[in-house]
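Here is the structure we will look at.
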Amino acid sequence: MTKQVQQLERVIIRFAGDSGDGMQLTGDRFTAGTAEFGNDLSTLPNFPAEIRAPAGTLPGVSSFQLHFADHDILTPGDAPNVLVAMNPAALKANLSDLPRGADIIANTDEFTKRNLQKVGYAVSPLEDDSLAAWRIHSVPLTSLTVKALEGFALSKKDAERSKNMFALGLLSWLYHRPTEATIQFLETKFAKKPDIAKANIAAFQAGWNYGETTESFSVSYEVKPAKLAPGVYRNISGNQALAYGLIAASVQSKLPLFLGSYPITPASDILHELSKHKRFGIRTFQAEDEIAGVGAALGASFGGALGITTTSGPGVALKAETVGLAVTTELPLIVVDVQRAGPSTGMPTKTEQTDLLMAMYGRNGESPLPIIAPSTPSDCFDAAVEAARIAVKYRTPVMLLSDGYLANGSEPWKVPDAADLPDISTEFASGPNAEDGVTFLPFKRDSETLARPWAIPGTAGLEHRIGGIEKAEGTGNISYDPDNHDRMVRIRQAKIDGIAHDIPALEVDDPDGDARVLVLGWGSTYGPIAAAVRRIRKAGGKVAQAHLRHVNPLPANTGEVLRAYDKVLLPEINLGQLALLLRARFLVDIISYNRVRGLPFKAEELAGVIQDVIDSE
Amino acid sequence: MTKQVQQLERVIIRFAGDSGDGMQLTGDRFTAGTAEFGNDLSTLPNFPAEIRAPAGTLPGVSSFQLHFADHDILTPGDAPNVLVAMNPAALKANLSDLPRGADIIANTDEFTKRNLQKVGYAVSPLEDDSLAAWRIHSVPLTSLTVKALEGFALSKKDAERSKNMFALGLLSWLYHRPTEATIQFLETKFAKKPDIAKANIAAFQAGWNYGETTESFSVSYEVKPAKLAPGVYRNISGNQALAYGLIAASVQSKLPLFLGSYPITPASDILHELSKHKRFGIRTFQAEDEIAGVGAALGASFGGALGITTTSGPGVALKAETVGLAVTTELPLIVVDVQRAGPSTGMPTKTEQTDLLMAMYGRNGESPLPIIAPSTPSDCFDAAVEAARIAVKYRTPVMLLSDGYLANGSEPWKVPDAADLPDISTEFASGPNAEDGVTFLPFKRDSETLARPWAIPGTAGLEHRIGGIEKAEGTGNISYDPDNHDRMVRIRQAKIDGIAHDIPALEVDDPDGDARVLVLGWGSTYGPIAAAVRRIRKAGGKVAQAHLRHVNPLPANTGEVLRAYDKVLLPEINLGQLALLLRARFLVDIISYNRVRGLPFKAEELAGVIQDVIDSE
Amino acid sequence: MSSGTELSVPGTGGGLSLVPKSEVKLGMKDFKTDQEVRWCPGCGDYAILAAVQSFVPELGLKRENMVFVSGIGCSSRFPYYMDTYGFHSIHGRAPAIATGLAASRPDLSVWVITGDGDSLSIGGNHLIHALRRNVNLNILLFNNRIYGLTKGQYSPTSEVGKITKSTPMGSLDKPFNPISLAIGAEASFVARTIDSDRKHLQSVLREAAEHRGTSLVEIYQNCNIFNDNAFEQLKDPERRDDITLRLEHGRPIASASKAVRRAADGGIEVVPRSSVSEDEILVHDAHRVDPSLAFALSRLDEPAFEHVPIGVFRSVERPSYDELMAEQLQEAVDERGPGDLNDLLLGGDTWRIG
Amino acid sequence: MSSGTELSVPGTGGGLSLVPKSEVKLGMKDFKTDQEVRWCPGCGDYAILAAVQSFVPELGLKRENMVFVSGIGCSSRFPYYMDTYGFHSIHGRAPAIATGLAASRPDLSVWVITGDGDSLSIGGNHLIHALRRNVNLNILLFNNRIYGLTKGQYSPTSEVGKITKSTPMGSLDKPFNPISLAIGAEASFVARTIDSDRKHLQSVLREAAEHRGTSLVEIYQNCNIFNDNAFEQLKDPERRDDITLRLEHGRPIASASKAVRRAADGGIEVVPRSSVSEDEILVHDAHRVDPSLAFALSRLDEPAFEHVPIGVFRSVERPSYDELMAEQLQEAVDERGPGDLNDLLLGGDTWRIG
Ligand SMILES: Cc1ncc(C[n+]2csc(CCOP(=O)(O)OP(=O)(O)O)c2C)c(N)n1
Ligand SMILES: Cc1ncc(C[n+]2csc(CCOP(=O)(O)OP(=O)(O)O)c2C)c(N)n1
Ligand code: SF4
Ligand code: SF4
Ligand SMILES: [Mg+2]
Ligand SMILES: [Mg+2]
């Protein structure tokens with residue numbers, strides 16, 4: 001049988017199954033193959049907060065979405081072209097996201113009476129008309145896998161476990177993915193259990209062959225490699241990029257990295273990643289709680305390390321008091337907040353942008369600090385280096401606001417050459433700095449940056465004491481003098497505000513230069529906004545786009561940019577937090593678009609919103 | 001010798017001495033006498049963070065300022081008419097606040113070489129010309145006291161201790177204060193040590209007599225009683241009024257009060273006060289830290305108590321995570337923040353308004369809560385009752401933002417009759433609330449207030465579970481449904497926003513109705529702003545005044561009020577925190593006036609600022 | 001319930017003496033909720049849940065007067081599955097929240113459910129303070145020696161050298177022994193049991209519930225996903241009877257093959273049972289006021305799993321915090337009568353105008 | 001110092017072996033700052049400050065390699081008066097901050113100064129975790145059994161029934177015994193001394209400094225303003241020698257009139273010295289690995305002040321956290337060479353375009 005091959009520009013597939021079905025691994029492997037093939041891509045894992053919710057239930061569904069294309073893309077995609085549903089729960093949980101006409105590959109073996117009941121299907125949807133709008137491929141994935149592995153000395157249960165590899169094989173066939181890397185991967189992963197390795201490889205190949213032979217699939221698809229900028233690429237998730245950025249910052253600042261952290265979803269993987277790289281002189285300290293984590297990081301900073309703490313929303317709340325101490329003692333510190341849905345425990349595995357105002361104001365007293373927000377998974381690398389640059393140069397804690405979407409999402413990353421990374425090293429104080437030539441003044445400032453000297457223990461002659469009580473300008477001695485306090489409050493603010501002159505201007509993307517509507521964003525909404533803007537332009541609309549990475553202080557030209565447009569639309573996954581800051585500062589009537597669903601925006605949704613704003617002009 | 005008696009409308013006196021000199025007690029007694037006499041008054045204690053800094057040093061100076069008048073007054077006064085300086089440090093620390101021509105009563109005995117040196121006086125200022133601009137009364141207070149107590153079986157050191165009572169006697173003579181109450185007070189205070197009581201009384205009387213006889217004082221002053229609204233009055237400090245308000249709230253809500261608190265300046269006195277009143281069924285729990293304090297209060301609320309926690313800035317930061325839990329579980333809770341100078345430890349005994357944005361936003365996720373700020377010491381009573389009303393009615397944590405100035409300052413308070421206090425009681429859920437008549441839905445809301453039912457343990461049939469994870473509307477079951485989350489985020493916000501319709505409109509004081517400039521304030525700046533406004537009007541200027549007690553949500557007419565004026569001036573003891581909220585919400589170009597000195601504004605200073613704004617019209 | 005003082009039921013007695021009794025006989029099913037249980041298949045938490053659900057009816061309490069408060073962790077999901085009042089709070093804070101609840105409501109039977117991370121890492125301080133205060137709580141510490149919910153980092157009870165996601169070269173810090181820590185924190189009731197032995201678990205729960213004050217029960221719990229077989233030795237039918245030293249008040253401390261006795265130097269030691277006569281074997285005294293011997297018993301399981309005492313290490317009477325608090329309230333009323341708001345507001349120096 | 005790995009000095013040995021020695025001989029005045037000391041006249045903190053300032057030169061360390069870290073409280077003002085590096089941090093967090101410092105800088109001698117409220121109330125968790133980790137810190141816990149700085153509320157070491165501003169009818173909660181708590185938390189070095197006995201204080205500091213790992217030294221300190229004479233019995237020349245039981249390794253534990261011996265039931269007890277022969281008196285063994293006896297000694301001061309052990313309860317060797325951490329870093333380098341950034345970034349699956 002010769003099969004038809006169809007060319008596509010882009011495809012969105014979603015693997016969905018039970019938490020125990022290995023969907024994340026399947027997605028990761030498909031991603032790796034796709035990356036190797038040279039498509040541009042973007043991924044969106046989505047999994048429950050429970051380790052393993054009861055099998056077959058809706059809360060137990062875990063999914064992985066991948067968008068790949070022959071051109072550069074910006075998001076993991078709104079609506080899947082293909083859903084792989086490993087059981088009825090996976091079908092039910094994901095169906096509403098599927099556009100009509102999409103393909104559904106359903107593992108019929110799991111559509112048992114019991115499993116159907118678990119999710120409230122009276123009749124199997126594969127057997128009534130309810131799925132008529134979609135193209136159903138009923139595949140008995142489990143039994144095909146078991147059959148394919150008959151020759152292996154495996155229990156049935158063990159054999160069944162490989163069904164995700166069968167599915168991967170089938171999808172790899174369907175989209176012409178290279179297979180060698182996956183085979184190699186399985187060999188390495190199960191190096192100690194060669195039987196398991198072989199079984200998984202066999203399942204994978206069986207899946208491929210099934211596609212090749214079955215009539216259920218008459219067409220396969222090709223998506224040409226994308227024309228990306230030349231260079232060496234790898235696929236990278238936000239958490240990994242962020243961890244690498246921190247390591248790079250340590251190398252480029254020549255400061256030993258000290259991480260004080262307490263595990264919390266979705267930030268834990270940064271701790272995990274950093275703890276692997278002790279060869280870089282990196283110390284990772286799993287503290288007893290978030291307070292101890294940031295405390296230890298600050299203590300290490302006092303000792304001359306690049307002190308870092310990583311956490312998520314509730315953890316940031318706990319660190320507030322110590323971050324305030326860092327503000328007033330003016331020591332470098334990086335506080336990474338991988339935002340997740342709140343308030344309180346909220347929805348730990350879901351994404352959100354709701355911590356911005358906490359990052360700005362969540363401390364007693366006037367305690368300003370810089371805030372930096374990466375815009376894509378790979379941008380987490382650069383944002384981390386930039387956070388370190390500012391922390392070290394200005395002797396200040398810096399908040400790095402990632403989120404659950406960036407953390408777990410991935411995309412191809414053009415790997416930079418270490419030689420091209422900025423030198424962000426600093427000098428420790430080494431001698432007296434007072435006019436008298438003998439005294440050391442720990443709070444005498446650099447006239448340009450307003451940064452104070454960083455004198456670390458072990459430096460003879462610079463012994464000094466710092467603390468959380470208000471300090472006299474210069475000497476740093478305890479001071480309750482009212483005017484000194486007013487001055488210090490203003491100097492601390494001025495130091496942070498001054499960073500505006502040390503960061504790039506806000507760039508506007510407005511190809512024809514005649515748009516009247518500006519869409520502004522910050523952080524992880526970059527992809528969906530940019531994709532929406534593309535759609536508008538493709539349809540002939542005019543819209544300008546700008547994206548803030550430095551959220552505090554804002555680039556010096558921000559006001560100018562905002563005022564240059566009739567309307568400014570600001571989509572945020574919160575109730576309007578950046579909008580509040582911009583409105584207050586520039587008195588510009590920003591139009592907010594807010595949806596707080598624990599999920600990234602969809603490009604289509606935003607395109608609609610943008611169009612509405614344009615139309616209302 | 002017959003002495004002249006002069007009539008005055010108002011007087012500001014400041015007692016200043018070493019921390020060990022008993023200045024706070026002296027001030028308190030003078031205040032009590034003044035209150036009894038019927039003047040209106042306002043006080044401002046000011047003391048170091050150290051328990052007892054080294055004797056004779058500048059950081060060791062403790063002072064107490066009292067403003068009293070024959071008419072209603074609004075502040076403790078800008079510039080003292082009289083300074084009692086118990087030692088050179090007290091003179092030096094306070095001199096810059098004294099207007100030319102003011103009286104200085106200096107305790108010459110303490111102007112020894114050693115004491116002068118301690119504060120850097122080469123020559124005694126009493127003996128050179130440096131004090132020519134003031135009227136100096138050199139009085140050997142210590143030795144006069146010792147002499148007066150010669151007949152008592154006291155060591156010299158013990159006798160010297162009574163010098164503050166000698167000073168009090170002298171000042172009481174100078175301003176015609178009644179003496180009986182002070183004598184009675186000393187008898188009660190030292191009931192167990194009658195010798196000490198007698199010695200203090202003798203010193204007090206000797207001071208009085210000294211005034212009567214010495215030539216150093218040729219004039220004494222009378223300040224007639226003020227014409228206040230009829231009623232029974234007492235003098236009350238902000239912390240005491242706040243504690244009483246909480247007790248009244250417990251009585252009026254019929255809910256047992258549970259306080260979970262950890263000591264911290266300047267909030268500790270609320271804990272101390274409440275712990276005295278166990279007869280009201282009040283439980284005070286000194287927790288191991290601020291987190292446990294608020295946690296226990298929330299646990300008690302869950303159990304049906306009026307849960308309260310009291311703290312100051314750094315403590316609020318620590319409580320943030322638990323307050324977020326209260327927001328999402330929608331339980332009543334009152335969080336009292338007696339703001340002090342920050343960031344970090346800052347200046348613990350000094351006042352500031354810098355926690356407003358932390359109160360608004362210092363939690364992860366969208367977690368809105370109401371904020372109430374009392375305006376004067378006695379207003380802390382009403383504000384506390386109002387906080388409880390809202391917490392109980394809307395099942396929400398409420399932030400009550402007092403500050404160091406209100407906490408320790410005092411003023412006469414017209415004591416309300418308990419019968420006139422609002423009934424703020426609520427009903428616990430007692431049975432099913434679902435349409436089916438059998439189910440209890442812990443997150444089904446009152447259609448008007450959007451409050452959920454409060455079902456407390458012990459109520460049969462309403463067993464249910466709550467928690468920090470996102471909840472499904474109605475059932476309260478754990479829900480990760482994206483749309484449910486978006487809805488819940490908005491409902492929680494709407495519930496708080498809706499309170500705007502349940503609070504009084506913002507009132508504007510604009511006697512002639514033709515002012516073009518509005519001065520707006522919130523919290524403890526009320527007195528200085530109102531006093532400044534009076535000055536402007538007295539001088540023929542036009543200015544309107546409005547003051548916000550409900551800072552979140554804002555009264556429904558706030559925007560209207562702001563837009564009705566050409567200019568809105570907003571003085572704040574921070575860098576413009578309320579201004580940020582108002583600018584963002586109403587896009588009104590609020591003019592901020594900010595001074596962050598750890599001290600309340602002076603009326604004169606504000607009058608100048610207001611005048612400048614008027615002039616720039 | 002309508003006013004402040006009505007909640008202030010003072011009293012003394014057993015752990016449950018102030019909690020109203022159910023008029024009807026309740027069964028296990030009365031304590032099950034309609035919520036799907038969301039632990040991994042095979043998790044030890046299931047066994048504990050079943051043990052608790054089948055045990056609590058025996059207490060004969062009104063269901064509505066029982067409250068389960070938890071922190072965050074796999075184990076802390078527990079309250080959702082108990083058809084009583086429940087509060088799934090935030091990480092580490094359950095003892096604090098439960099303290100406020102129990103201190104203000106002596107008529108409740110309050111249970112805290114917590115994990116080794118929840119109670120000993122982030123919540124360590126609240127735990128030790130609850131213990132010294134002796135608030136009327138039953139704290140069930142599910143010790144799986146790992147962070148389950150965050151997918152397998154080492155915990156404060158993980159053994160040194162533990163290889164986990166956050167410690168790829170092995171953990172460095174010496175673990176807490178929860179029993180030693182609790183005794184050092186002045187605990188009045190301390191016990192240990194294991195998920196797999198329902199009978200023992202329930203017998204310990206029984207004593208804990210009856211104890212008035214804070215009862216700490218460490219429950220060895222298997223996390224089959226991230227730390228499987230952590231307590232295998234105690235489950236292995238071949239070995240468990242040998243290495244388990246059951247602590248029963250008034251009974252000699254010994255396993256099938258081992259016995260505890262006073263050592264020559266005055267300490268205690270484990271010796272082959274055959275080497276000692278029965279009356280040389282140390283008799284367990286859980287009610288001893290001096291905690292030193294209970295502490296010594298808590299050290300017996302070093303080296304790990306050679307001999308592991310389980311049961312009630314210590315159970316001594318001490319007034320509970322809520323009782324003392326209620327007494328002070330009563331005393332204040334007895335001495336000066338119930339509070340009167342007008343009197344309070346008018347107290348101190350007043351003057352009249354007009 | 002210029003790069004990451006240079007800070008990672010691995011090593012073992014005594015508490016000070018990695019700290020550079022001063023080339024010049026320093027004296028007490030070298031450790032005094034120009035800051036005015038701001039405690040109340042008569043406060044026990046003065047005596048401790050003087051004792052520390054006159055003791056530290058003896059260590060022979062470079063002044064710039066000593067750091068004093070404190071929390072908040074009267075006692076926590078201490079670092080301002082020591083002319084070394086200093087960090088007056090926030091309430092309760094000094095052990096955490098010092099942990100980061102000490103773990104990343106094994107070349108420093110790090111001292112934590114804390115009060116009973118700072119370390120046992122808000123900071124209790126950090127304290128017990130520092131102890132189990134055995135970070136190389138010397139923690140001096142100034143125990144005045146009261147909150148000084150906030151003007152006199154009861155603390156976690158105040159006796160039951162304490163009448164303070166926050167407990168007008170008396171406190172309810174049983175205090176911690178800091179020694180018992182520390183031993184329960186796996187402390188490797190635990191000692192107690194008193195502000196008024198400079199010689200003893202300094203001898204304990206000496207041992208603490210030499211111990212590598214966390215040394216906890218409880219110092220009874222008089223707060224003459226809010227809790228005067230809390231330790232009067234130990235200062236009263238008439239009684240102190242009778243009630244003080246000095247713990248000295250290898251020496252019998254006894255005071256002028258009292259002696260400690262093994263009781264018949266195996267515990268330990270205090271008896272009149274005259275009632276026992278010298279060789280019946282328990283000989284102190286601070287180095288015993290099993291902490292049970294040290295724990296039992298910590299319970300001897302109940303009832304309070306009848307007989308109070310002072311000195312080093314426990315001092316056992318265990319690798320310190322910073323050493324272990326440094327070793328892992330070294331091992332990682334030894335095994336795979338120092339990290340290379342390009343290798344790291346390129347690691348995993350890459351592909352080339354263009
Ligand atoms: C403030 C805060 N920090 C961290 C977390 C993440 N977190 C959730 S549970 C947990 C540890 C769970 O371990 P354990 O208490 O032993 O419970 P288990 O899951 O093993 O039952 C952590 C670190 C959180 N939810 N909140
Ligand atoms: C977060 C926080 N909570 C509370 C306080 C207030 N506070 C400062 S010191 C202290 C207790 C002091 O007691 P202790 O540690 O025993 O020290 P001492 O003053 O007795 O030496 C408290 C409660 C604070 N500064 N910060
Ligand atoms: S991760 Fe471990 S503790 Fe958590 S539910 Fe699964 S098996 Fe149980
Ligand atoms: S209050 Fe007490 S502890 Fe604090 S300085 Fe004064 S005497 Fe010392
Ligand atoms: Mg665990
Ligand atoms: Mg103390």
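Following the order of the structure tokens, first chain is A, next is B, and so on, with residues numbered from 1 inside each chain and ligands from 1 in the order they appear.
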
| query | Which residues sit within 10 Å of ligand 3, counting only C-alpha atoms and all ligand atoms, listed as a ChimeraX atom specification? | reply | /A:50-54 /C:37-46,73-77,115,142-152,221-228

| said: Taking only C-alpha atoms into account, find every residue of chain B that has an atom no more than 8 Å from chain D, and write it out as number ranges by chain. | reply: B: 49-54, 263-265, 268, 271-272, 275-276, 286, 288-290, 344-345

| Which one is closest to B:Gln6: B:Val398, B:Ala472, B:Val223, B:Ala530? Count only C-alpha atoms. |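 Selected residue with least distance to B:Gln6: B:Val223.
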
| field | strand (DSSP E) call set, DSSP backbone run, stretch 18-198 of chain C, as a ChimeraX atom specification | value | /C:66-70,85-88,109-115,137-143,189-194

| For ligand 5, which residue out of C:Gly170, C:Gly71, C:Gly339, C:Pro319 is the nearest one, using only C-alpha atoms and all ligand atoms? |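 Closest to ligand 5, using only C-alpha atoms and all ligand atoms: C:Gly71.
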
| Within 12 Å of A:Pro45 using only C-alpha atoms, minus same-chain residues under 2 positions, as a ChimeraX atom specification | /A:13-16,19,22-28,31,42-43,47-48,61-67,76,237-238,266,349-351,404-410,599-600

D:Ala50: which residues within 12 Å, counting only C-alpha atoms, same-chain residues fewer than 5 positions away excluded, as a PDB file with N, CA, C and O atoms, in the first residue's frame?
ATOM      1  N   MET D  28      42.481  42.604  73.518  1.00  0.00           N
ATOM      2  CA  MET D  28      41.068  42.895  73.729  1.00  0.00           C
ATOM      3  C   MET D  28      40.646  44.170  73.021  1.00  0.00           C
ATOM      4  O   MET D  28      39.584  44.241  72.415  1.00  0.00           O
ATOM      5  N   LYS D  29      41.519  45.188  73.083  1.00  0.00           N
ATOM      6  CA  LYS D  29      41.106  46.476  72.512  1.00  0.00           C
ATOM      7  C   LYS D  29      40.952  46.412  70.987  1.00  0.00           C
ATOM      8  O   LYS D  29      40.221  47.205  70.405  1.00  0.00           O
ATOM      9  N   PHE D  31      39.367  44.359  69.489  1.00  0.00           N
ATOM     10  CA  PHE D  31      38.025  43.858  69.170  1.00  0.00           C
ATOM     11  C   PHE D  31      36.919  44.797  69.622  1.00  0.00           C
ATOM     12  O   PHE D  31      35.752  44.464  69.548  1.00  0.00           O
ATOM     13  N   LYS D  32      37.304  45.959  70.139  1.00  0.00           N
ATOM     14  CA  LYS D  32      36.290  46.925  70.539  1.00  0.00           C
ATOM     15  C   LYS D  32      36.031  47.895  69.406  1.00  0.00           C
ATOM     16  O   LYS D  32      36.951  48.368  68.762  1.00  0.00           O
ATOM     17  N   VAL D  37      28.090  51.432  73.645  1.00  0.00           N
ATOM     18  CA  VAL D  37      27.345  50.229  74.000  1.00  0.00           C
ATOM     19  C   VAL D  37      26.002  50.636  74.599  1.00  0.00           C
ATOM     20  O   VAL D  37      25.948  51.446  75.516  1.00  0.00           O
ATOM     21  N   GLY D  44      23.469  41.985  82.108  1.00  0.00           N
ATOM     22  CA  GLY D  44      24.450  40.911  82.026  1.00  0.00           C
ATOM     23  C   GLY D  44      25.178  40.863  80.696  1.00  0.00           C
ATOM     24  O   GLY D  44      26.257  40.263  80.578  1.00  0.00           O
ATOM     25  N   ASP D  45      24.612  41.486  79.683  1.00  0.00           N
ATOM     26  CA  ASP D  45      25.246  41.488  78.367  1.00  0.00           C
ATOM     27  C   ASP D  45      26.632  42.131  78.403  1.00  0.00           C
ATOM     28  O   ASP D  45      27.523  41.746  77.646  1.00  0.00           O
ATOM     29  N   PHE D  55      38.434  37.212  75.393  1.00  0.00           N
ATOM     30  CA  PHE D  55      38.768  35.832  75.061  1.00  0.00           C
ATOM     31  C   PHE D  55      39.241  35.648  73.616  1.00  0.00           C
ATOM     32  O   PHE D  55      40.196  34.919  73.339  1.00  0.00           O
ATOM     33  N   VAL D  56      38.587  36.324  72.685  1.00  0.00           N
ATOM     34  CA  VAL D  56      38.868  36.012  71.276  1.00  0.00           C
ATOM     35  C   VAL D  56      40.328  36.185  70.843  1.00  0.00           C
ATOM     36  O   VAL D  56      40.798  35.422  69.995  1.00  0.00           O
ATOM     37  N   PHE D  78      24.941  42.835  69.996  1.00  0.00           N
ATOM     38  CA  PHE D  78      26.319  42.441  70.238  1.00  0.00           C
ATOM     39  C   PHE D  78      27.291  42.714  69.083  1.00  0.00           C
ATOM     40  O   PHE D  78      28.364  43.284  69.291  1.00  0.00           O
ATOM     41  N   TYR D  81      29.464  45.819  68.627  1.00  0.00           N
ATOM     42  CA  TYR D  81      30.532  46.138  69.575  1.00  0.00           C
ATOM     43  C   TYR D  81      31.787  45.303  69.361  1.00  0.00           C
ATOM     44  O   TYR D  81      32.756  45.443  70.084  1.00  0.00           O
ATOM     45  N   MET D  82      31.735  44.428  68.364  1.00  0.00           N
ATOM     46  CA  MET D  82      32.893  43.577  68.075  1.00  0.00           C
ATOM     47  C   MET D  82      33.543  44.074  66.788  1.00  0.00           C
ATOM     48  O   MET D  82      32.903  44.074  65.733  1.00  0.00           O
ATOM     49  N   ASP D 195      26.726  34.403  82.795  1.00  0.00           N
ATOM     50  CA  ASP D 195      27.366  35.700  82.551  1.00  0.00           C
ATOM     51  C   ASP D 195      28.346  36.108  83.648  1.00  0.00           C
ATOM     52  O   ASP D 195      29.371  36.731  83.384  1.00  0.00           O
ATOM     53  N   SER D 196      28.015  35.727  84.896  1.00  0.00           N
ATOM     54  CA  SER D 196      28.778  36.258  86.023  1.00  0.00           C
ATOM     55  C   SER D 196      30.086  35.530  86.279  1.00  0.00           C
ATOM     56  O   SER D 196      30.901  35.973  87.073  1.00  0.00           O
ATOM     57  N   ASP D 197      30.283  34.416  85.625  1.00  0.00           N
ATOM     58  CA  ASP D 197      31.497  33.632  85.886  1.00  0.00           C
ATOM     59  C   ASP D 197      32.395  33.671  84.659  1.00  0.00           C
ATOM     60  O   ASP D 197      32.395  32.765  83.823  1.00  0.00           O
ATOM     61  N   ARG D 198      33.181  34.725  84.557  1.00  0.00           N
ATOM     62  CA  ARG D 198      33.938  34.931  83.324  1.00  0.00           C
ATOM     63  C   ARG D 198      34.855  33.764  83.009  1.00  0.00           C
ATOM     64  O   ARG D 198      35.013  33.369  81.861  1.00  0.00           O
ATOM     65  N   LYS D 199      35.470  33.222  84.062  1.00  0.00           N
ATOM     66  CA  LYS D 199      36.416  32.147  83.799  1.00  0.00           C
ATOM     67  C   LYS D 199      35.715  30.942  83.168  1.00  0.00           C
ATOM     68  O   LYS D 199      36.163  30.367  82.181  1.00  0.00           O
ATOM     69  N   LEU D 201      32.837  30.946  81.664  1.00  0.00           N
ATOM     70  CA  LEU D 201      32.311  31.340  80.358  1.00  0.00           C
ATOM     71  C   LEU D 201      33.400  31.177  79.288  1.00  0.00           C
ATOM     72  O   LEU D 201      33.187  30.591  78.226  1.00  0.00           O
ATOM     73  N   GLN D 202      34.568  31.693  79.616  1.00  0.00           N
ATOM     74  CA  GLN D 202      35.644  31.633  78.620  1.00  0.00           C
ATOM     75  C   GLN D 202      36.106  30.207  78.366  1.00  0.00           C
ATOM     76  O   GLN D 202      36.464  29.847  77.245  1.00  0.00           O
TER      77      GLN D 202
END
